[in-house]
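So this block is data-v7.cif, mmCIF, C-alpha atoms:
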data_query
loop_
_atom_site.label_atom_id
_atom_site.label_comp_id
_atom_site.auth_asym_id
_atom_site.auth_seq_id
_atom_site.Cartn_x
_atom_site.Cartn_y
_atom_site.Cartn_z
CA MET A 1 55.88 -14.14 -20.25
CA THR A 2 58.92 -15.53 -18.43
CA ASP A 3 60.39 -18.70 -19.79
CA GLN A 4 59.93 -21.19 -16.99
CA ALA A 5 63.01 -23.21 -17.85
CA LEU A 6 65.24 -20.16 -17.51
CA MET A 7 64.00 -19.14 -14.11
CA ALA A 8 64.94 -21.20 -11.10
CA LEU A 9 65.38 -18.59 -8.44
CA PRO A 10 65.70 -19.70 -4.82
CA VAL A 11 62.77 -18.09 -3.05
CA SER A 12 64.91 -17.41 0.01
CA HIS A 13 67.17 -15.07 -1.99
CA GLY A 14 64.19 -13.04 -3.09
CA LEU A 15 62.95 -12.84 0.49
CA ILE A 16 66.40 -11.75 1.64
CA PHE A 17 66.36 -9.00 -0.97
CA ALA A 18 62.97 -7.83 0.34
CA ALA A 19 64.29 -7.87 3.91
CA ALA A 20 67.44 -6.00 2.87
CA LEU A 21 65.41 -3.28 1.16
CA PHE A 22 63.22 -3.01 4.26
CA CYS A 23 66.24 -2.80 6.58
CA VAL A 24 67.94 -0.12 4.48
CA GLY A 25 64.72 1.90 4.65
CA LEU A 26 64.44 1.28 8.39
CA ALA A 27 67.98 2.48 8.96
CA GLY A 28 67.17 5.56 6.92
CA VAL A 29 64.09 6.37 9.02
CA LEU A 30 66.17 5.95 12.17
CA ILE A 31 69.30 7.90 11.21
CA ARG A 32 67.91 10.82 9.21
CA ARG A 33 66.31 13.87 10.76
CA ASN A 34 65.28 15.54 7.51
CA VAL A 35 61.59 14.87 6.87
CA ILE A 36 62.04 14.49 3.11
CA PHE A 37 64.70 11.81 3.58
CA MET A 38 62.58 10.03 6.17
CA LEU A 39 59.68 9.91 3.70
CA MET A 40 61.95 8.49 1.00
CA SER A 41 63.16 5.82 3.43
CA LEU A 42 59.53 4.98 4.21
CA GLU A 43 58.97 4.44 0.50
CA LEU A 44 61.91 2.01 0.51
CA MET A 45 60.35 0.07 3.39
CA LEU A 46 57.00 -0.12 1.60
CA ASN A 47 58.78 -1.36 -1.51
CA GLY A 48 60.47 -4.13 0.45
CA ALA A 49 57.12 -5.30 1.81
CA ALA A 50 55.50 -5.05 -1.62
CA PHE A 51 58.29 -7.09 -3.19
CA ALA A 52 57.76 -9.86 -0.63
CA PHE A 53 54.05 -9.95 -1.54
CA VAL A 54 54.66 -10.10 -5.29
CA LEU A 55 57.33 -12.77 -4.82
CA ALA A 56 54.96 -14.92 -2.77
CA GLY A 57 52.25 -14.45 -5.38
CA ALA A 58 54.66 -15.51 -8.12
CA VAL A 59 55.79 -18.58 -6.19
CA HIS A 60 52.24 -19.80 -5.72
CA GLY A 61 51.04 -18.66 -9.14
CA ASN A 62 48.38 -16.65 -7.36
CA ALA A 63 47.00 -13.19 -8.11
CA ASP A 64 46.59 -12.32 -4.42
CA GLY A 65 50.18 -11.10 -4.12
CA GLN A 66 49.66 -8.50 -6.81
CA VAL A 67 46.31 -7.50 -5.30
CA MET A 68 48.17 -6.76 -2.07
CA PHE A 69 50.73 -4.82 -4.10
CA VAL A 70 47.96 -2.64 -5.55
CA LEU A 71 46.65 -1.97 -2.04
CA ILE A 72 50.16 -1.07 -0.80
CA LEU A 73 50.49 1.29 -3.75
CA THR A 74 47.22 2.96 -2.75
CA LEU A 75 48.46 3.29 0.81
CA ALA A 76 51.75 4.80 -0.36
CA ALA A 77 49.97 7.35 -2.55
CA ALA A 78 47.61 8.41 0.27
CA GLU A 79 50.47 8.57 2.77
CA ILE A 80 52.73 10.65 0.57
CA ALA A 81 49.96 13.12 -0.33
CA VAL A 82 49.09 13.89 3.29
CA ALA A 83 52.71 13.73 4.47
CA LEU A 84 53.94 16.20 1.86
CA ALA A 85 51.14 18.63 2.73
CA LEU A 86 52.28 18.37 6.36
CA VAL A 87 55.91 18.88 5.29
CA VAL A 88 54.98 22.10 3.50
CA HIS A 89 53.17 23.19 6.65
CA LEU A 90 56.18 22.37 8.80
CA PHE A 91 58.46 24.36 6.53
CA HIS A 92 56.21 27.42 6.49
CA TRP A 93 55.82 27.24 10.24
CA ARG A 94 59.39 26.48 11.33
CA ARG A 95 61.52 27.42 8.29
CA SER A 96 63.21 24.06 8.60
CA LEU A 97 62.68 20.43 7.62
CA ASP A 98 64.29 19.10 10.77
CA MET A 99 62.18 16.54 12.60
CA ASP A 100 63.65 17.71 15.90
CA ALA A 101 62.05 21.12 15.39
CA LEU A 102 58.78 19.53 16.47
CA ASP A 103 59.48 19.15 20.16
CA GLU A 104 56.69 21.15 21.82
CA VAL A 105 55.29 18.10 23.53
CA ARG A 106 58.48 17.82 25.56
CA ASP A 107 58.08 21.29 27.07
CA MET B 1 68.16 -15.21 -15.68
CA GLN B 2 69.27 -15.84 -12.13
CA ALA B 3 72.37 -13.71 -12.65
CA LEU B 4 70.12 -10.91 -13.94
CA PHE B 5 68.08 -11.15 -10.76
CA TYR B 6 71.17 -10.75 -8.58
CA ILE B 7 72.55 -7.85 -10.63
CA THR B 8 69.24 -6.02 -10.46
CA ALA B 9 68.87 -6.69 -6.75
CA ILE B 10 72.36 -5.34 -6.07
CA ILE B 11 71.62 -2.23 -8.14
CA ALA B 12 68.43 -1.69 -6.15
CA LEU B 13 70.18 -2.08 -2.81
CA ALA B 14 73.12 0.13 -3.79
CA ALA B 15 70.79 2.88 -4.95
CA ALA B 16 68.76 2.47 -1.75
CA ALA B 17 71.91 2.89 0.31
CA ARG B 18 72.69 6.06 -1.60
CA VAL B 19 69.17 7.34 -0.84
CA VAL B 20 69.67 6.79 2.85
CA THR B 21 73.17 8.31 3.02
CA GLY B 22 72.77 11.11 0.49
CA VAL B 23 73.03 14.75 1.51
CA ASN B 24 71.45 16.39 -1.51
CA ALA B 25 67.70 15.79 -1.67
CA VAL B 26 67.49 15.84 -5.48
CA HIS B 27 70.37 13.35 -5.86
CA ALA B 28 68.76 11.08 -3.27
CA LEU B 29 65.49 11.31 -5.20
CA LEU B 30 67.23 10.24 -8.42
CA HIS B 31 68.70 7.23 -6.63
CA LEU B 32 65.27 6.42 -5.23
CA ILE B 33 63.90 6.41 -8.77
CA VAL B 34 66.68 3.99 -9.80
CA THR B 35 65.68 1.73 -6.91
CA LEU B 36 62.04 1.82 -8.00
CA LEU B 37 62.96 1.02 -11.61
CA ALA B 38 65.11 -1.90 -10.44
CA VAL B 39 62.25 -3.24 -8.31
CA ALA B 40 59.92 -2.90 -11.30
CA LEU B 41 62.38 -4.95 -13.38
CA LEU B 42 62.44 -7.59 -10.65
CA PHE B 43 58.62 -7.71 -10.73
CA PHE B 44 58.79 -8.25 -14.47
CA MET B 45 61.30 -11.07 -14.01
CA LEU B 46 59.00 -12.69 -11.48
CA GLY B 47 56.24 -12.79 -14.08
CA ALA B 48 54.21 -9.88 -12.72
CA PRO B 49 54.11 -7.38 -15.63
CA PHE B 50 51.03 -5.64 -14.25
CA ALA B 51 52.78 -4.89 -10.95
CA ALA B 52 55.88 -3.73 -12.85
CA ALA B 53 53.83 -1.29 -14.91
CA LEU B 54 52.04 0.03 -11.82
CA GLU B 55 55.36 0.44 -10.01
CA ILE B 56 56.70 2.63 -12.81
CA ILE B 57 53.52 4.59 -13.52
CA ILE B 58 52.44 5.31 -9.95
CA TYR B 59 55.65 5.12 -7.90
CA ALA B 60 58.33 6.38 -10.28
CA GLY B 61 55.77 8.61 -12.02
CA ALA B 62 53.14 10.15 -9.79
CA ILE B 63 54.63 9.86 -6.31
CA MET B 64 58.09 10.97 -7.39
CA VAL B 65 56.64 13.98 -9.22
CA LEU B 66 54.96 14.99 -5.95
CA MET B 67 58.26 14.73 -4.11
CA VAL B 68 60.09 16.69 -6.81
CA PHE B 69 57.48 19.45 -6.52
CA VAL B 70 57.87 19.68 -2.77
CA ILE B 71 61.68 19.59 -2.89
CA MET B 72 61.71 22.36 -5.49
CA MET B 73 59.14 24.36 -3.51
CA LEU B 74 61.19 24.12 -0.32
CA ASN B 75 64.48 24.78 -2.06
CA GLN B 76 66.95 25.06 0.79
CA GLY B 77 70.16 25.45 -1.14
CA ASP B 78 73.71 24.77 -0.05
CA ALA B 79 73.12 25.52 3.63
CA ALA B 80 70.83 22.52 3.92
CA VAL B 81 73.36 20.28 2.15
CA GLU B 82 76.06 21.37 4.60
CA ASN B 83 73.67 20.75 7.47
CA GLU B 84 72.90 17.25 6.25
CA ARG B 85 76.59 16.49 5.81
CA LEU B 86 77.17 17.58 9.38
CA TRP B 87 74.39 15.31 10.60
CA LEU B 88 75.72 12.31 8.71
CA SER B 89 79.41 12.73 9.43
CA GLY B 90 79.27 12.05 13.14
CA ARG B 91 78.98 8.88 15.15
CA LEU B 92 75.24 9.40 14.98
CA TRP B 93 74.36 6.99 12.25
CA TRP B 94 76.26 3.78 12.83
CA GLY B 95 74.23 2.64 15.86
CA PRO B 96 70.85 2.40 14.12
CA ALA B 97 72.50 1.22 10.92
CA ALA B 98 74.30 -1.60 12.77
CA LEU B 99 71.06 -2.61 14.52
CA ALA B 100 69.22 -2.70 11.19
CA ALA B 101 72.07 -4.78 9.74
CA ILE B 102 71.73 -7.26 12.62
CA LEU B 103 67.99 -7.50 11.97
CA LEU B 104 68.74 -8.19 8.32
CA ALA B 105 71.29 -10.87 9.24
CA GLU B 106 68.79 -12.55 11.55
CA THR B 107 66.08 -12.50 8.91
CA SER B 108 68.48 -13.89 6.30
CA TYR B 109 69.55 -16.66 8.65
CA LEU B 110 65.94 -17.60 9.43
CA VAL B 111 64.96 -17.60 5.78
CA LEU B 112 67.99 -19.68 4.76
CA ALA B 113 67.65 -22.09 7.69
CA GLY B 114 64.03 -22.68 6.75
CA GLY B 115 65.21 -24.53 3.69
CA GLY B 116 64.84 -22.48 0.55
CA SER B 117 62.89 -24.31 -2.08
CA GLY B 118 63.89 -23.59 -5.64
CA VAL B 119 60.34 -23.07 -6.84
CA GLU B 120 60.02 -21.44 -10.21
CA PRO B 121 57.88 -18.33 -10.23
CA ARG B 122 54.70 -18.77 -12.18
CA PRO B 123 53.61 -15.74 -14.22
CA VAL B 124 50.41 -14.00 -13.18
CA ASP B 125 49.14 -11.64 -15.84
CA GLY B 126 47.07 -8.49 -15.53
CA PRO B 127 43.58 -9.92 -16.25
CA ALA B 128 43.96 -12.43 -13.41
CA VAL B 129 44.82 -9.61 -11.01
CA GLY B 130 41.84 -7.60 -12.24
CA ARG B 131 39.47 -10.52 -11.76
CA ALA B 132 40.79 -11.03 -8.21
CA LEU B 133 40.52 -7.30 -7.44
CA TYR B 134 36.90 -7.02 -8.54
CA GLY B 135 35.92 -10.45 -7.32
CA PRO B 136 36.86 -11.57 -3.83
CA TYR B 137 38.68 -8.32 -3.01
CA LEU B 138 35.88 -5.90 -3.93
CA LEU B 139 35.52 -4.72 -0.34
CA ALA B 140 39.26 -3.99 -0.11
CA VAL B 141 39.04 -1.94 -3.30
CA GLU B 142 36.17 0.08 -1.83
CA LEU B 143 38.16 0.62 1.37
CA ALA B 144 41.17 1.73 -0.68
CA SER B 145 39.00 4.23 -2.53
CA ILE B 146 37.73 5.59 0.78
CA LEU B 147 41.35 5.90 1.97
CA LEU B 148 42.30 7.80 -1.19
CA MET B 149 39.28 10.07 -0.78
CA ALA B 150 40.25 10.79 2.83
CA ALA B 151 43.82 11.55 1.78
CA LEU B 152 42.58 13.86 -0.98
CA VAL B 153 40.33 15.77 1.40
CA GLY B 154 43.07 15.89 4.03
CA ALA B 155 45.71 17.23 1.65
CA PHE B 156 43.27 19.80 0.28
CA HIS B 157 42.30 20.90 3.77
CA LEU B 158 45.92 21.30 4.85
CA SER B 159 46.87 23.32 1.79
CA ARG B 160 43.78 25.53 2.18
CA LYS B 161 44.66 26.43 5.75
CA LEU B 162 48.17 27.30 4.61
CA ARG B 163 46.90 29.68 1.94
CA GLY B 164 44.58 31.35 4.45
CA ARG B 165 47.40 32.00 6.88
CA GLY B 166 49.70 33.22 4.14
CA ARG B 167 47.16 35.95 3.37
CA THR B 168 46.80 37.16 6.93
CA GLN B 169 50.49 37.29 7.79
CA PRO B 170 52.60 37.62 4.65
#
Could I get this file's structure written as structure tokens?
Amino acid sequence: MTDQALMALPVSHGLIFAAALFCVGLAGVLIRRNVIFMLMSLELMLNGAAFAFVLAGAVHGNADGQVMFVLILTLAAAEIAVALALVVHLFHWRRSLDMDALDEVRD
Amino acid sequence: MQALFYITAIIALAAAARVVTGVNAVHALLHLIVTLLAVALLFFMLGAPFAAALEIIIYAGAIMVLMVFVIMMLNQGDAAVENERLWLSGRLWWGPAALAAILLAETSYLVLAGGGSGVEPRPVDGPAVGRALYGPYLLAVELASILLMAALVGAFHLSRKLRGRGRTQP
């Protein structure tokens, strides 16, 4: 697979990349009000977490990291299926994808 | 190889930033796919070809197709793009973005201060992952299948209710 002599990556840089991906996704969830964009940002956050798992698995030469990645993938698929069904509902109900349209609880 | 890692990571982060700040949903989706492909390449570099393949097949394939379907179904046109531009142009976004940047800086500092070891990644191939999945993690696999089943039933239920209401009040 990868030539071991070629690859001497500092683990901290990989972890920083995972954290950066997570933070970009977090900022997206916080600043966007469009449900579709919020879902895409959630995917970014899940990818950051998954990358950290795979990196740790690669560092230790262990399959557990990739097992966790498969489970995260399952979670993402389940989440996106239900969330998109809810988004379609929201659109048919409110004619808008704005998260702030759902403010009945406040009244 | 290390330079390749940094280039790919920067591509992934730049595309991710474009996802978060984009106004057109389809353009943002394309950038999201670029991010996913870059992450898959990083997985491959780390010696995890199985994870890379799954990332492309399931994330960039199945999940993105779902999102494309929904975006096309809820086609909002230019009005929505204008609306998004309005939302993003104000002083609204820099507060949360700055806070997230501070979190990132803190995390980076902690990781770097912890003393980064230059350990070489050791490749883990697909069969090893499969043996782990169906060995010690069998219960987790069963739980994941139950989760997928619940999501399937939930999505079906939600879409069925929608069709029923569409018939009564067109």
Problem set entry | Reference answer for the PyMOL selection byres ((chain A and resi 88) around 12), as an MDAnalysis selection string | (chainID A and resid 35:36 81:87 89:97) or (chainID B and resid 66:67 69:75 155 158:163)
For this session: Tell me which protein, DNA and RNA residues are within 12 Å of Trp87 in chain B, counting all atoms listed in the file, leaving out same-chain ones fewer than 5 positions away, and put them as a ChimeraX atom specification.
Result: /A:31-34,98 /B:21-23,80-82,92-94
Writing out the chosen residues with C-alpha atoms as a PDB file, in the frame of the given file:
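Output saved as out_30.pdb:
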ATOM      1  CA  ILE A  31      69.300   7.900  11.210  1.00  0.00           C
ATOM      2  CA  ARG A  32      67.910  10.820   9.210  1.00  0.00           C
ATOM      3  CA  ARG A  33      66.310  13.870  10.760  1.00  0.00           C
ATOM      4  CA  ASN A  34      65.280  15.540   7.510  1.00  0.00           C
ATOM      5  CA  ASP A  98      64.290  19.100  10.770  1.00  0.00           C
TER       6      ASP A  98
ATOM      7  CA  THR B  21      73.170   8.310   3.020  1.00  0.00           C
ATOM      8  CA  GLY B  22      72.770  11.110   0.490  1.00  0.00           C
ATOM      9  CA  VAL B  23      73.030  14.750   1.510  1.00  0.00           C
ATOM     10  CA  ALA B  80      70.830  22.520   3.920  1.00  0.00           C
ATOM     11  CA  VAL B  81      73.360  20.280   2.150  1.00  0.00           C
ATOM     12  CA  GLU B  82      76.060  21.370   4.600  1.00  0.00           C
ATOM     13  CA  LEU B  92      75.240   9.400  14.980  1.00  0.00           C
ATOM     14  CA  TRP B  93      74.360   6.990  12.250  1.00  0.00           C
ATOM     15  CA  TRP B  94      76.260   3.780  12.830  1.00  0.00           C
TER      16      TRP B  94
END
Problem set entry | Top pick for closest residue to Ala18 in chain A, considering B:Ala53, B:Val65, B:Leu86, B:Ala9 and counting all atoms listed in the file |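 With all atoms listed in the file as the atom set, the closest residue is B:Ala9.
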For this session: Using the chain letters and residue numbers of this document, give as a list of chain:residue names the residues selected by the PyMOL selection byres ((chain A and resi 39-53) around 6).
Result: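 When the PyMOL selection byres ((chain A and resi 39-53) around 6) is applied to the shown file, the picked residues are A:Ala18, A:Leu21, A:Phe22, A:Gly25, A:Gly28, A:Val29, A:Ile36, A:Phe37, A:Met38, A:Val54, A:Leu55, A:Ala56, A:Gly65, A:Phe69.
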Arg131 in chain B surroundings by all atoms listed in the file, 9 Å radius, close-in-sequence under 5 positions cut, as a compact mmCIF listing (two decimals) with C-alpha atoms, keeping the file's coordinate frame:
# COMPACT_ATOMS: atom_id res chain seq x y z
CA ALA A 63 47.00 -13.19 -8.11
CA GLY B 126 47.07 -8.49 -15.53
CA PRO B 136 36.86 -11.57 -3.83
Problem set entry | Residues returned when the PyMOL selection byres ((chain A and resi 75) around 12) runs on this file, as an NGL selection string | (:A and (42-43 or 46-47 or 50 or 68-74 or 76-83)) or (:B and (58-59 or 63 or 140-141 or 143-151))
Write a file of the just-selected residues containing C-alpha atoms, as a short mmCIF file (atom, residue, chain, number, x, y, z; two decimals), in the frame of the given file.
data_model
loop_
_atom_site.label_atom_id
_atom_site.label_comp_id
_atom_site.auth_asym_id
_atom_site.auth_seq_id
_atom_site.Cartn_x
_atom_site.Cartn_y
_atom_site.Cartn_z
CA LEU A 42 59.53 4.98 4.21
CA GLU A 43 58.97 4.44 0.50
CA LEU A 46 57.00 -0.12 1.60
CA ASN A 47 58.78 -1.36 -1.51
CA ALA A 50 55.50 -5.05 -1.62
CA MET A 68 48.17 -6.76 -2.07
CA PHE A 69 50.73 -4.82 -4.10
CA VAL A 70 47.96 -2.64 -5.55
CA LEU A 71 46.65 -1.97 -2.04
CA ILE A 72 50.16 -1.07 -0.80
CA LEU A 73 50.49 1.29 -3.75
CA THR A 74 47.22 2.96 -2.75
CA ALA A 76 51.75 4.80 -0.36
CA ALA A 77 49.97 7.35 -2.55
CA ALA A 78 47.61 8.41 0.27
CA GLU A 79 50.47 8.57 2.77
CA ILE A 80 52.73 10.65 0.57
CA ALA A 81 49.96 13.12 -0.33
CA VAL A 82 49.09 13.89 3.29
CA ALA A 83 52.71 13.73 4.47
CA ILE B 58 52.44 5.31 -9.95
CA TYR B 59 55.65 5.12 -7.90
CA ILE B 63 54.63 9.86 -6.31
CA ALA B 140 39.26 -3.99 -0.11
CA VAL B 141 39.04 -1.94 -3.30
CA LEU B 143 38.16 0.62 1.37
CA ALA B 144 41.17 1.73 -0.68
CA SER B 145 39.00 4.23 -2.53
CA ILE B 146 37.73 5.59 0.78
CA LEU B 147 41.35 5.90 1.97
CA LEU B 148 42.30 7.80 -1.19
CA MET B 149 39.28 10.07 -0.78
CA ALA B 150 40.25 10.79 2.83
CA ALA B 151 43.82 11.55 1.78
#
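Using all atoms listed in the file, the nearest neighbour of chain A within the list B:Val26, B:Val111, B:Ile57, B:Leu138 is B:Val111.
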For this session: Record the distance separating CA of His31 in chain B and CA of Ala15 in chain B, expressed in Å with one decimal.
Result: 5.1 Å
Problem set entry | Polymer residues at most 9 Å from Glu55 in chain B, all atoms listed in the file, same-chain spacing of 6 or more positions, as JSON, numbers by chain | {"A": [73], "B": [36, 37, 39, 40, 43, 61]}
For this session: Enter the distance from CA of Ala27 in chain A to CA of Ala51 in chain B, in Å, rounded to one decimal.
Result: 26.1 Å
Exercise. So what do you get for CA of Cys23 in chain A versus CA of Asn62 in chain A, distance-wise?
Worked result: 26.6 Å
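Candidate residues B:Leu152, B:Ala48, B:Leu88, B:Ala3 were compared for distance to Pro123 in chain B, and the nearest is B:Ala48, using all atoms listed in the file.
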For this session: Could you check which of A:Ala101, A:Val67, A:Gly14, A:Ala20 is closest to Leu42 in chain B, using only C-alpha atoms?
Result: A:Gly14
